[in-house]
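Down below is the structure, laid out as structure tokens.
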Amino acid sequence: MKNIFEKLGFFIQNNRFSVLMIAFLFIVISMQGAQKIEMASGTETFVGKDSPLYQDYDHLFQRIFQTQSIVVMVEGNEVKNADLMKAVDRLEHQLQATEGVIETTSPASLIKSVNYQTTGRHTIPETDEEIGVIIDENPDIFSQIVPDNTHMLISVVMAGSASETAQEDILHATEDAVSFAEFPPSYSIIVTGDPAFSVSMNYEMNSSMGTLLGLSGIFMVIVLFFVFKHVRWGLLPLPVVLLGIVYTFGAMGYIGIPLSMVSMAAFPILIGVGIDYAIQFHNRLEEELHRNGSKGRAVVETVKNTGPAVLIALGMTALGFVSLFTSSVPMIQDFGKLLLIGIIMCYLSSIFVGIVTVSLFDSYSDKNPLKKFTNRIKPAGLEKKKKTEKRSGGGHKTEKLLQKATDLTIKYDIIVLGIASLLCLGGLYADQSVEIQTDVQTFVPQDMPALMDLQHMGDIMGGTDELNLIIKVEDTANPDVLKWMDQFSEHEVEGRKHIYSASSIVSLVKEKNGGTIPDTSQEVENIYAEIPEWQKERYMYGKNMLLLNFNIGNAVADIKVTGIQELTDIVKQDMQWMPAPPGTTVTITGNNVVFTEVITALTSGRVAMTFLGLGLVLMGLFAVYRDWLKAIVPIIPMVIVIGWSGGVMYYLNIEYTPMTATLGALILGVGSEYAILMMERYFEEKEAGATPMEAIHMTSSKIGTAIIASGATTVFGFLALVASPFPMISNFGKVTVIDVLLALLATFVVFPPLIVILDTWREKKRGNTAAEKEAKKQIQGAEI
């Protein structure tokens with residue numbers, strides 16, 4: 001492998017300006033790709049489109065029956081007001097001409113209908129008293145949209161399959177229509193609903209992305225200033241890794257990875273992980289520039305020696321991330337793709353642009369007349385470096401501290417490993433009690449105006465969560481089917497605690513037929529002919545499909561997704577002992593049912609991801625080293641950290657979300673690098689003739705400081721996530737920072753006694769085996 005990288009080193013050195021020109025060209029290409037990135041926050045980000053459950057939801061419910069509404073909520077002292085109703089009427093007239101709006105429903109339009117039936121005039125009455133009488137005498141019509149004297153709702157209905165762009169256009173049209181409708185000044189108007197919430201959430205995600213990247217950059221400047229000041233141009237790794245992020249944005253657009261609440265967190269993570277690659281190449285090139293007289297040779301040696309080592313570390317990190325692809329949650333799969341692409345882009349940026357830039361800076365610094373002045377600011381020679389080391393003494397203090405820690409952990413090796421293992425088992429047990437959160441409203445900033453408006457509407461109107469039953473029939477006019485729907489609905493509403501009401505075509509049929517269902521199909525067909533088409537379309541599709549909706553209130557907040565799953569199972573059981581007529585099949589679907597799939601992904605799926613990641617990293621290490629000890633030693637500390645992480649989440653009361661479910665894979669991907677670097681140096685010292693104790697001493701003191709510096713850059717990169725306005729990302733940032741610190745702790749506390757015990761045991765076993773073979777040879781010689 002080193003021969004290949006040596007040739008690559010010669011290529012980079014001989015084509016430095018060409019490399020920079022190609023890098024600039026890819027920036028332009030990436031910027032074009034970044035413009036193709038789409039926002040994603042809908043159901044498809046949680047449940048895979050290949051899932052039968054999603055296909056039922058998408059093909060049978062969303063495209064045929066589901067509608068969604070932008071809601072205009074009016075608040076004031078008295079909403080039974082003639083001037084107010086005229087303003088609402090003006091609003092409706094304008095919105096009905098808007099593309100994509102199926103219909104509008106408001107107290108004004110209903111008042112005009114009732115007034116027409118009683119007086120023959122399809123107009124809004126002129127007096128407040130007349131309006132009050134119409135509303136008060138028809139509670140079954142107005143109770144849902146005029147819940148009290150101070151509130152009323154106008155519903156702007158669009159197709160459930162409307163694109164995010166269409167939703168945003170209708171939202172803006174509604175806001176414009178409100179301003180043109182000239183509502184009386186004593187009333188406040190709130191435009192809300194799920195589409196308004198989704199549009200606002202996408203905007204918040206987009207705007208917070210720049211904040212996260214900016215904070216991550218600031219934190220990197222701080223950490224580089226303190227831990228990387230022994231080299232010239234110590235801040236250069238930051239623009240190098242940011243270049244890798246630009247390439248990642250471009251690839252994201254071309255490949256079609258959407259920007260979701262999870263994927264937006266990948267970029268600060270990539271800065272924290274990817275900057276380590278730039279630091280390694282920069283540090284080694286500076287070392288080679290001081291050591292070699294030839295600048296060209298310094299580039300070649302850097303690429304030859306550091307390129308393969310960093311590539312191996314990248315490979316193990318990638319194997320940890322690959323396990324994310326097995327998740328059934330699409331946003332987690334996209335998160336894994338983005339991390340994998342990102343670390344590759346950061347590696348390429350570091351090995352090409354980073355090395356070339358440092359090399360060119362060094363060449364021009366020799367010609368700089370201000371070189372002496374520059375040298376006073378940044379050490380550029382061995383003599384200056386020695387003076388700096390003598391003056392600081394910081395590295396020696398850290399080395400001594402790490403040596404003492406190593407001595408202590410090895411002296412009490414059984415106790416240290418025992419406590420670490422018990423805490424790991426305790427954390428794994430506590431992890432089973434960590435709650436799972438899939439309510440999207442809890443993921444977003446709790447002070448987001450759109451969320452507060454949506455919650456305010458929920459407080460006024462109550463919950464609107466539903467279970468949706470798609471009923472496939474041979475004939476939608478079959479009275480036996482309608483009677484079964486009526487009986488089953490009545491049973492569920494009366495017998496099930498969290499089912500509050502039911503709606504279907506049955507209610508409309510009974511309303512037209514004096515409260516009963518006809519006995520013949522022809523009578524049903526005659527009633528269908530009397531029902532307005534827009535009403536029938538809500539509950540009936542063609543001749544073979546009906547819809548039954550169960551209102552389950554505010555179930556997402558009250559009984560959580562697990563409760564919805566249990567309620568769904570109960571409804572299925574009820575259908576077994578109260579079966580539908582022959583030739584009828586029933587499918588339970590809807591937003592809330594689809595989200596139950598996330599539960600499986602965040603429980604068994606989360607554990608499966610972690611174990612798959614462990615297996616992949618283990619196989620990868622064995623494929624590289626061909627040595628079971630070298631393959632297993634870096635894995636054990638990470639298993640212990642995964643257990644500790646579960647305990648941390650339980651103790652801090654942090655719930656599992658689509659993001660925190662990825663922690664196992666992230667710990668493997670990021671933390672295994674530290675143990676691998678420690679192990680590499682340990683066996684390097686062993687090959688030089690050191691005993692296990694001497695080798696671990698040298699390893700802790702020599703490479704320990706570098707690992708701490710590397711860990712610090714990663715921690716500071718993740719620290720930007722804590723400042724995210726999205727609670728899901730902020731909590732993920734907190735736990736990730738803690739987990740990286742735990743990975744560093746395990747590297748210096750668990751790894752030393754572990755490798756010394758296992759390596760010493762293997763040496764003794766090999767010694768005994770060699771002695772046995774020698775004894776056998778002597779016995780055989782004596783017999784001869």
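If you're wondering about the labels, chains in the structure tokens are A, B, ... by order shown, residues count from 1 in each chain, ligands from 1 in order shown.
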Near-segment 304-320 of chain A list (7 Å; only C-alpha atoms; drop same-chain fewer than 3 positions) as an MDAnalysis selection string
chainID A and resid 1:2 5:6 9 277 281 300:301 323 340 613 616:617 620 665:666 668:670 673
Selection to disk with N, CA, C and O atoms, as a short mmCIF file (atom, residue, chain, number, x, y, z; two decimals), in the first residue's frame:
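out39.cif was written with the following content:
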data_model
loop_
_atom_site.label_atom_id
_atom_site.label_comp_id
_atom_site.auth_asym_id
_atom_site.auth_seq_id
_atom_site.Cartn_x
_atom_site.Cartn_y
_atom_site.Cartn_z
N MET A 1 0.83 -1.20 0.00
CA MET A 1 0.00 0.00 0.00
C MET A 1 0.87 1.26 0.00
O MET A 1 0.55 2.25 -0.65
N LYS A 2 2.00 1.21 0.74
CA LYS A 2 2.86 2.39 0.81
C LYS A 2 3.46 2.74 -0.56
O LYS A 2 3.72 3.91 -0.84
N PHE A 5 0.88 4.85 -2.33
CA PHE A 5 0.81 6.20 -1.78
C PHE A 5 2.09 6.99 -2.08
O PHE A 5 2.05 8.21 -2.19
N GLU A 6 3.22 6.29 -2.22
CA GLU A 6 4.44 6.99 -2.60
C GLU A 6 4.32 7.56 -4.02
O GLU A 6 4.70 8.71 -4.27
N GLY A 9 2.19 10.49 -3.84
CA GLY A 9 2.95 11.62 -3.31
C GLY A 9 3.74 12.33 -4.39
O GLY A 9 3.77 13.57 -4.45
N TYR A 277 -8.16 14.44 10.19
CA TYR A 277 -7.39 14.02 9.02
C TYR A 277 -6.47 15.15 8.57
O TYR A 277 -5.28 14.93 8.29
N PHE A 281 -2.15 15.09 8.52
CA PHE A 281 -1.32 15.36 7.34
C PHE A 281 -0.49 16.63 7.55
O PHE A 281 0.71 16.67 7.20
N VAL A 300 6.29 13.68 -0.41
CA VAL A 300 6.21 12.25 -0.74
C VAL A 300 6.17 11.41 0.53
O VAL A 300 5.36 10.48 0.67
N GLU A 301 7.05 11.71 1.48
CA GLU A 301 7.11 10.93 2.73
C GLU A 301 5.82 11.09 3.53
O GLU A 301 5.35 10.14 4.17
N SER A 323 -23.28 0.61 9.37
CA SER A 323 -24.37 -0.06 10.08
C SER A 323 -25.64 0.79 10.10
O SER A 323 -26.74 0.27 10.25
N LEU A 340 -20.69 8.99 5.65
CA LEU A 340 -19.73 8.21 4.86
C LEU A 340 -19.14 9.05 3.73
O LEU A 340 -17.92 9.09 3.53
N GLY A 613 -22.48 -2.93 13.56
CA GLY A 613 -21.29 -2.08 13.54
C GLY A 613 -20.11 -2.74 14.22
O GLY A 613 -18.97 -2.70 13.73
N LEU A 616 -18.80 -5.46 11.89
CA LEU A 616 -18.08 -4.93 10.73
C LEU A 616 -16.70 -4.40 11.11
O LEU A 616 -15.71 -4.67 10.41
N VAL A 617 -16.63 -3.66 12.22
CA VAL A 617 -15.32 -3.14 12.65
C VAL A 617 -14.40 -4.29 13.04
O VAL A 617 -13.20 -4.28 12.73
N GLY A 620 -13.22 -5.89 9.91
CA GLY A 620 -12.29 -4.98 9.25
C GLY A 620 -10.92 -4.99 9.90
O GLY A 620 -9.89 -5.03 9.20
N ALA A 665 -23.46 3.36 16.66
CA ALA A 665 -22.64 3.39 15.45
C ALA A 665 -21.63 4.53 15.50
O ALA A 665 -20.49 4.38 15.06
N LEU A 666 -22.04 5.69 16.03
CA LEU A 666 -21.13 6.83 16.11
C LEU A 666 -19.98 6.57 17.07
O LEU A 666 -18.84 6.94 16.81
N LEU A 668 -18.70 3.71 17.81
CA LEU A 668 -17.79 2.80 17.13
C LEU A 668 -16.96 3.53 16.08
O LEU A 668 -15.74 3.34 15.98
N GLY A 669 -17.65 4.36 15.29
CA GLY A 669 -16.97 5.03 14.20
C GLY A 669 -15.92 6.02 14.66
O GLY A 669 -14.84 6.12 14.07
N VAL A 670 -16.23 6.77 15.72
CA VAL A 670 -15.32 7.81 16.19
C VAL A 670 -14.34 7.28 17.22
O VAL A 670 -13.13 7.52 17.16
N GLU A 673 -11.03 4.80 16.69
CA GLU A 673 -9.78 5.39 16.18
C GLU A 673 -8.76 5.56 17.30
O GLU A 673 -7.57 5.30 17.11
#
May I ask for the distance between atom CA of Glu530 of chain A and atom CA of Thr476 of chain A, given in Å to one decimal place?
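Taking atom CA of Glu530 of chain A and atom CA of Thr476 of chain A, their separation equals 15.3 Å.
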Tell me, as a PyMOL selection string, which residues lie within 7 Å of Leu95 of chain A, counting only C-alpha atoms; anything in the same chain fewer than 3 positions away does not count.
chain A and resi 91-92+98+174+177
For the selection you just gave me, I'd like the residues written to a file as a PDB file, in the first residue's frame, keeping all heavy atoms.
ATOM      1  N   LEU A  91     -62.485  36.632   2.496  1.00  0.00           N
ATOM      2  CA  LEU A  91     -61.318  35.741   2.558  1.00  0.00           C
ATOM      3  C   LEU A  91     -61.570  34.476   1.747  1.00  0.00           C
ATOM      4  O   LEU A  91     -60.719  34.039   0.958  1.00  0.00           O
ATOM      5  CB  LEU A  91     -61.014  35.389   4.013  1.00  0.00           C
ATOM      6  CG  LEU A  91     -59.895  34.358   4.257  1.00  0.00           C
ATOM      7  CD1 LEU A  91     -58.540  34.965   3.923  1.00  0.00           C
ATOM      8  CD2 LEU A  91     -59.905  33.867   5.707  1.00  0.00           C
ATOM      9  N   GLU A  92     -62.731  33.863   1.933  1.00  0.00           N
ATOM     10  CA  GLU A  92     -63.049  32.631   1.210  1.00  0.00           C
ATOM     11  C   GLU A  92     -63.094  32.844  -0.298  1.00  0.00           C
ATOM     12  O   GLU A  92     -62.596  32.015  -1.068  1.00  0.00           O
ATOM     13  CB  GLU A  92     -64.394  32.080   1.693  1.00  0.00           C
ATOM     14  CG  GLU A  92     -64.308  31.298   2.988  1.00  0.00           C
ATOM     15  CD  GLU A  92     -65.560  30.471   3.216  1.00  0.00           C
ATOM     16  OE1 GLU A  92     -66.567  31.047   3.675  1.00  0.00           O
ATOM     17  OE2 GLU A  92     -65.523  29.255   2.943  1.00  0.00           O
ATOM     18  N   THR A  98     -57.567  30.145  -5.541  1.00  0.00           N
ATOM     19  CA  THR A  98     -56.140  29.818  -5.429  1.00  0.00           C
ATOM     20  C   THR A  98     -55.871  28.401  -5.933  1.00  0.00           C
ATOM     21  O   THR A  98     -56.574  27.457  -5.553  1.00  0.00           O
ATOM     22  CB  THR A  98     -55.677  29.944  -3.967  1.00  0.00           C
ATOM     23  OG1 THR A  98     -55.926  31.272  -3.506  1.00  0.00           O
ATOM     24  CG2 THR A  98     -54.187  29.637  -3.845  1.00  0.00           C
ATOM     25  N   THR A 174     -52.758  32.314   1.599  1.00  0.00           N
ATOM     26  CA  THR A 174     -53.679  32.494   2.724  1.00  0.00           C
ATOM     27  C   THR A 174     -53.302  33.718   3.543  1.00  0.00           C
ATOM     28  O   THR A 174     -54.166  34.510   3.940  1.00  0.00           O
ATOM     29  CB  THR A 174     -53.680  31.242   3.612  1.00  0.00           C
ATOM     30  OG1 THR A 174     -54.027  30.093   2.831  1.00  0.00           O
ATOM     31  CG2 THR A 174     -54.670  31.384   4.763  1.00  0.00           C
ATOM     32  N   ALA A 177     -54.295  36.715   1.636  1.00  0.00           N
ATOM     33  CA  ALA A 177     -55.753  36.881   1.620  1.00  0.00           C
ATOM     34  C   ALA A 177     -56.260  37.449   2.943  1.00  0.00           C
ATOM     35  O   ALA A 177     -57.215  38.231   2.966  1.00  0.00           O
ATOM     36  CB  ALA A 177     -56.422  35.534   1.326  1.00  0.00           C
TER      37      ALA A 177
END
For segment 164-169 of chain A, find every residue with an atom within 9 Å (counting only C-alpha atoms), except residues of its own chain fewer than 6 positions away, and show them as a PyMOL selection string.
chain A and resi 39-40+70+99-100+158+195-196+198-199
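For the atom pair formed by atom CA of His290 of chain A and atom CA of Ala709 of chain A, the distance is 21.6 Å, given to one decimal.
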Residues near segment 470-472 of chain A, cut-off 6 Å, only C-alpha atoms, skip fewer than 4 positions along chain, as a compact mmCIF listing (two decimals) with all heavy atoms, in the first residue's frame:
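Output file selection31.txt is given in full below:
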# COMPACT_ATOMS: atom_id res chain seq x y z
N ASN A 544 -65.41 0.63 -5.03
CA ASN A 544 -64.80 -0.46 -4.26
C ASN A 544 -64.02 -0.03 -3.03
O ASN A 544 -63.33 -0.86 -2.43
CB ASN A 544 -63.85 -1.26 -5.18
CG ASN A 544 -64.53 -1.76 -6.43
OD1 ASN A 544 -64.31 -1.23 -7.50
ND2 ASN A 544 -65.39 -2.76 -6.27
N MET A 545 -64.12 1.25 -2.63
CA MET A 545 -63.30 1.66 -1.49
C MET A 545 -64.04 2.69 -0.63
O MET A 545 -64.58 3.68 -1.15
CB MET A 545 -61.96 2.22 -1.96
CG MET A 545 -60.88 2.25 -0.89
SD MET A 545 -59.28 2.78 -1.56
CE MET A 545 -58.95 1.47 -2.73
N LEU A 546 -64.02 2.45 0.71
CA LEU A 546 -64.63 3.35 1.68
C LEU A 546 -63.62 3.70 2.75
O LEU A 546 -62.64 2.97 2.96
CB LEU A 546 -65.86 2.71 2.33
CG LEU A 546 -67.04 2.40 1.40
CD1 LEU A 546 -68.05 1.50 2.11
CD2 LEU A 546 -67.71 3.68 0.93
N LEU A 547 -63.88 4.81 3.45
CA LEU A 547 -62.98 5.26 4.51
C LEU A 547 -63.77 5.43 5.81
O LEU A 547 -64.85 6.03 5.82
CB LEU A 547 -62.32 6.59 4.14
CG LEU A 547 -61.42 7.23 5.20
CD1 LEU A 547 -60.16 6.40 5.42
CD2 LEU A 547 -61.04 8.65 4.79
N THR A 584 -64.98 -8.36 2.07
CA THR A 584 -64.54 -7.05 2.55
C THR A 584 -63.21 -7.19 3.28
O THR A 584 -63.05 -8.09 4.11
CB THR A 584 -65.57 -6.44 3.52
OG1 THR A 584 -66.84 -6.37 2.86
CG2 THR A 584 -65.15 -5.04 3.96
N THR A 585 -62.25 -6.35 2.96
CA THR A 585 -60.97 -6.32 3.69
C THR A 585 -60.75 -4.93 4.27
O THR A 585 -61.13 -3.93 3.66
CB THR A 585 -59.80 -6.67 2.76
OG1 THR A 585 -59.75 -5.73 1.68
CG2 THR A 585 -59.93 -8.07 2.19
N VAL A 586 -60.15 -4.90 5.47
CA VAL A 586 -59.95 -3.63 6.18
C VAL A 586 -58.46 -3.44 6.46
O VAL A 586 -57.80 -4.36 6.97
CB VAL A 586 -60.74 -3.60 7.50
CG1 VAL A 586 -60.56 -2.24 8.19
CG2 VAL A 586 -62.22 -3.87 7.24
N THR A 587 -57.93 -2.27 6.13
CA THR A 587 -56.54 -1.91 6.40
C THR A 587 -56.52 -0.68 7.29
O THR A 587 -57.13 0.34 6.95
CB THR A 587 -55.79 -1.60 5.10
OG1 THR A 587 -55.82 -2.74 4.24
CG2 THR A 587 -54.33 -1.23 5.39
Where in segment 450-672 of chain A does DSSP assign strand (DSSP E), given as a PDB file with N, CA, C and O atoms, in the first residue's frame?
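Printed below is out_28.pdb as written:
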ATOM      1  N   GLU A 466     -56.003  10.728  14.343  1.00  0.00           N
ATOM      2  CA  GLU A 466     -56.977   9.755  13.832  1.00  0.00           C
ATOM      3  C   GLU A 466     -56.339   8.394  13.575  1.00  0.00           C
ATOM      4  O   GLU A 466     -55.143   8.295  13.315  1.00  0.00           O
ATOM      5  N   LEU A 467     -57.199   7.353  13.632  1.00  0.00           N
ATOM      6  CA  LEU A 467     -56.919   6.065  13.006  1.00  0.00           C
ATOM      7  C   LEU A 467     -57.792   6.013  11.768  1.00  0.00           C
ATOM      8  O   LEU A 467     -58.998   6.287  11.829  1.00  0.00           O
ATOM      9  N   ASN A 468     -57.197   5.672  10.643  1.00  0.00           N
ATOM     10  CA  ASN A 468     -57.938   5.662   9.375  1.00  0.00           C
ATOM     11  C   ASN A 468     -58.062   4.228   8.873  1.00  0.00           C
ATOM     12  O   ASN A 468     -57.051   3.541   8.710  1.00  0.00           O
ATOM     13  N   LEU A 469     -59.286   3.768   8.635  1.00  0.00           N
ATOM     14  CA  LEU A 469     -59.539   2.409   8.175  1.00  0.00           C
ATOM     15  C   LEU A 469     -59.961   2.441   6.706  1.00  0.00           C
ATOM     16  O   LEU A 469     -61.003   3.020   6.361  1.00  0.00           O
ATOM     17  N   ILE A 470     -59.150   1.857   5.841  1.00  0.00           N
ATOM     18  CA  ILE A 470     -59.476   1.724   4.429  1.00  0.00           C
ATOM     19  C   ILE A 470     -60.248   0.417   4.259  1.00  0.00           C
ATOM     20  O   ILE A 470     -59.747  -0.666   4.594  1.00  0.00           O
ATOM     21  N   ILE A 471     -61.469   0.510   3.738  1.00  0.00           N
ATOM     22  CA  ILE A 471     -62.338  -0.669   3.616  1.00  0.00           C
ATOM     23  C   ILE A 471     -62.531  -0.962   2.128  1.00  0.00           C
ATOM     24  O   ILE A 471     -63.167  -0.174   1.401  1.00  0.00           O
ATOM     25  N   LYS A 472     -61.969  -2.073   1.671  1.00  0.00           N
ATOM     26  CA  LYS A 472     -62.119  -2.491   0.278  1.00  0.00           C
ATOM     27  C   LYS A 472     -63.341  -3.410   0.176  1.00  0.00           C
ATOM     28  O   LYS A 472     -63.440  -4.408   0.899  1.00  0.00           O
ATOM     29  N   SER A 501     -64.796   9.556  18.603  1.00  0.00           N
ATOM     30  CA  SER A 501     -65.872   9.678  17.620  1.00  0.00           C
ATOM     31  C   SER A 501     -65.460   8.974  16.339  1.00  0.00           C
ATOM     32  O   SER A 501     -64.296   8.602  16.167  1.00  0.00           O
ATOM     33  N   ALA A 502     -66.433   8.778  15.448  1.00  0.00           N
ATOM     34  CA  ALA A 502     -66.170   8.140  14.165  1.00  0.00           C
ATOM     35  C   ALA A 502     -66.861   8.935  13.073  1.00  0.00           C
ATOM     36  O   ALA A 502     -67.924   9.532  13.289  1.00  0.00           O
ATOM     37  N   SER A 503     -66.253   8.944  11.889  1.00  0.00           N
ATOM     38  CA  SER A 503     -66.870   9.628  10.748  1.00  0.00           C
ATOM     39  C   SER A 503     -66.673   8.773   9.502  1.00  0.00           C
ATOM     40  O   SER A 503     -65.613   8.171   9.311  1.00  0.00           O
ATOM     41  N   SER A 504     -67.714   8.719   8.680  1.00  0.00           N
ATOM     42  CA  SER A 504     -67.662   7.930   7.449  1.00  0.00           C
ATOM     43  C   SER A 504     -68.843   8.325   6.573  1.00  0.00           C
ATOM     44  O   SER A 504     -69.657   9.185   6.929  1.00  0.00           O
ATOM     45  N   MET A 540     -65.402   8.026   0.109  1.00  0.00           N
ATOM     46  CA  MET A 540     -65.676   6.976  -0.863  1.00  0.00           C
ATOM     47  C   MET A 540     -64.854   7.208  -2.122  1.00  0.00           C
ATOM     48  O   MET A 540     -64.718   8.339  -2.583  1.00  0.00           O
ATOM     49  N   TYR A 541     -64.327   6.106  -2.684  1.00  0.00           N
ATOM     50  CA  TYR A 541     -63.533   6.199  -3.912  1.00  0.00           C
ATOM     51  C   TYR A 541     -64.025   5.122  -4.867  1.00  0.00           C
ATOM     52  O   TYR A 541     -63.877   3.907  -4.609  1.00  0.00           O
ATOM     53  N   MET A 545     -64.116   1.245  -2.628  1.00  0.00           N
ATOM     54  CA  MET A 545     -63.303   1.656  -1.487  1.00  0.00           C
ATOM     55  C   MET A 545     -64.037   2.690  -0.635  1.00  0.00           C
ATOM     56  O   MET A 545     -64.582   3.675  -1.152  1.00  0.00           O
ATOM     57  N   LEU A 546     -64.022   2.447   0.710  1.00  0.00           N
ATOM     58  CA  LEU A 546     -64.629   3.350   1.684  1.00  0.00           C
ATOM     59  C   LEU A 546     -63.616   3.704   2.754  1.00  0.00           C
ATOM     60  O   LEU A 546     -62.637   2.971   2.964  1.00  0.00           O
ATOM     61  N   LEU A 547     -63.882   4.805   3.454  1.00  0.00           N
ATOM     62  CA  LEU A 547     -62.979   5.257   4.514  1.00  0.00           C
ATOM     63  C   LEU A 547     -63.766   5.433   5.806  1.00  0.00           C
ATOM     64  O   LEU A 547     -64.847   6.031   5.816  1.00  0.00           O
ATOM     65  N   LEU A 548     -63.204   4.899   6.901  1.00  0.00           N
ATOM     66  CA  LEU A 548     -63.772   5.089   8.242  1.00  0.00           C
ATOM     67  C   LEU A 548     -62.707   5.707   9.125  1.00  0.00           C
ATOM     68  O   LEU A 548     -61.617   5.147   9.281  1.00  0.00           O
ATOM     69  N   ASN A 549     -63.001   6.882   9.689  1.00  0.00           N
ATOM     70  CA  ASN A 549     -62.046   7.595  10.533  1.00  0.00           C
ATOM     71  C   ASN A 549     -62.450   7.498  11.997  1.00  0.00           C
ATOM     72  O   ASN A 549     -63.610   7.754  12.338  1.00  0.00           O
ATOM     73  N   PHE A 550     -61.480   7.149  12.862  1.00  0.00           N
ATOM     74  CA  PHE A 550     -61.680   7.176  14.308  1.00  0.00           C
ATOM     75  C   PHE A 550     -60.891   8.352  14.888  1.00  0.00           C
ATOM     76  O   PHE A 550     -59.662   8.406  14.735  1.00  0.00           O
ATOM     77  N   ASN A 551     -61.585   9.264  15.532  1.00  0.00           N
ATOM     78  CA  ASN A 551     -60.917  10.392  16.194  1.00  0.00           C
ATOM     79  C   ASN A 551     -60.345   9.900  17.522  1.00  0.00           C
ATOM     80  O   ASN A 551     -61.100   9.457  18.401  1.00  0.00           O
ATOM     81  N   THR A 585     -62.253  -6.351   2.964  1.00  0.00           N
ATOM     82  CA  THR A 585     -60.967  -6.322   3.690  1.00  0.00           C
ATOM     83  C   THR A 585     -60.755  -4.933   4.270  1.00  0.00           C
ATOM     84  O   THR A 585     -61.132  -3.934   3.665  1.00  0.00           O
ATOM     85  N   VAL A 586     -60.146  -4.897   5.466  1.00  0.00           N
ATOM     86  CA  VAL A 586     -59.948  -3.630   6.181  1.00  0.00           C
ATOM     87  C   VAL A 586     -58.464  -3.441   6.462  1.00  0.00           C
ATOM     88  O   VAL A 586     -57.803  -4.357   6.972  1.00  0.00           O
ATOM     89  N   THR A 587     -57.934  -2.271   6.127  1.00  0.00           N
ATOM     90  CA  THR A 587     -56.541  -1.915   6.400  1.00  0.00           C
ATOM     91  C   THR A 587     -56.518  -0.681   7.291  1.00  0.00           C
ATOM     92  O   THR A 587     -57.130   0.336   6.950  1.00  0.00           O
ATOM     93  N   ILE A 588     -55.833  -0.791   8.435  1.00  0.00           N
ATOM     94  CA  ILE A 588     -55.705   0.358   9.336  1.00  0.00           C
ATOM     95  C   ILE A 588     -54.457   1.129   8.939  1.00  0.00           C
ATOM     96  O   ILE A 588     -53.365   0.569   8.867  1.00  0.00           O
ATOM     97  N   THR A 589     -54.610   2.425   8.701  1.00  0.00           N
ATOM     98  CA  THR A 589     -53.482   3.240   8.239  1.00  0.00           C
ATOM     99  C   THR A 589     -53.611   4.652   8.806  1.00  0.00           C
ATOM    100  O   THR A 589     -54.349   4.893   9.750  1.00  0.00           O
TER     101      THR A 589
END
May I have all residues of segment 50-191 of chain A that DSSP, computed from the backbone, assigns to alpha helix (DSSP H), given as number ranges by chain?
A: 52-55, 82-96, 107-119, 128-137, 139-142, 164-180
Distance in Å - atom CA of Val737 of chain A versus atom CA of Ala712 of chain A
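Rounded to one decimal, the two atoms are 9.9 Å apart.
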Selection: 12 Å around segment 697-700 of chain A, only C-alpha atoms, excl. self and same-chain fewer than 4 positions, as a VMD selection string:
chain A and resid 398 to 410 674 to 686 688 690 to 693 704 to 708 747 to 749 751 to 753 755 to 756
Hey, can you spit out that residue selection with C-alpha atoms as a compact mmCIF listing (two decimals), in the first residue's frame?
# COMPACT_ATOMS: atom_id res chain seq x y z
CA THR A 398 0.61 15.64 30.44
CA GLU A 399 2.98 12.75 29.72
CA LYS A 400 3.77 12.34 33.42
CA LEU A 401 0.09 12.45 34.31
CA LEU A 402 -0.74 9.80 31.71
CA GLN A 403 2.14 7.59 32.92
CA LYS A 404 0.85 7.78 36.50
CA ALA A 405 -2.66 6.97 35.33
CA THR A 406 -1.33 3.98 33.38
CA ASP A 407 0.61 2.71 36.41
CA LEU A 408 -2.50 3.01 38.57
CA THR A 409 -4.83 1.21 36.16
CA ILE A 410 -2.36 -1.65 35.61
CA TYR A 674 -8.30 6.23 19.60
CA ALA A 675 -7.89 2.58 20.61
CA ILE A 676 -6.42 1.71 17.19
CA LEU A 677 -3.80 4.47 17.46
CA MET A 678 -2.87 3.32 20.97
CA MET A 679 -2.58 -0.28 19.82
CA GLU A 680 -0.47 0.64 16.78
CA ARG A 681 2.06 2.47 18.97
CA TYR A 682 2.03 -0.30 21.60
CA PHE A 683 3.06 -2.99 19.12
CA GLU A 684 5.54 -0.62 17.49
CA GLU A 685 7.29 -0.34 20.86
CA LYS A 686 7.04 -4.11 21.33
CA ALA A 688 11.53 -2.36 19.16
CA ALA A 690 10.09 -3.36 24.85
CA THR A 691 8.24 -5.52 27.36
CA PRO A 692 4.42 -5.16 27.61
CA MET A 693 4.79 -2.81 30.62
CA GLY A 704 -1.46 10.03 24.63
CA THR A 705 -1.08 13.79 24.26
CA ALA A 706 -1.82 13.57 20.53
CA ILE A 707 -4.95 11.49 21.18
CA ILE A 708 -6.15 14.00 23.76
CA THR A 747 -8.77 4.55 25.99
CA PHE A 748 -6.59 5.61 28.93
CA VAL A 749 -8.23 3.60 31.74
CA PHE A 751 -7.23 -0.13 27.24
CA PRO A 752 -3.83 -0.24 29.10
CA PRO A 753 -4.63 -3.04 31.59
CA ILE A 755 -3.90 -5.07 26.33
CA VAL A 756 -1.19 -5.82 28.92
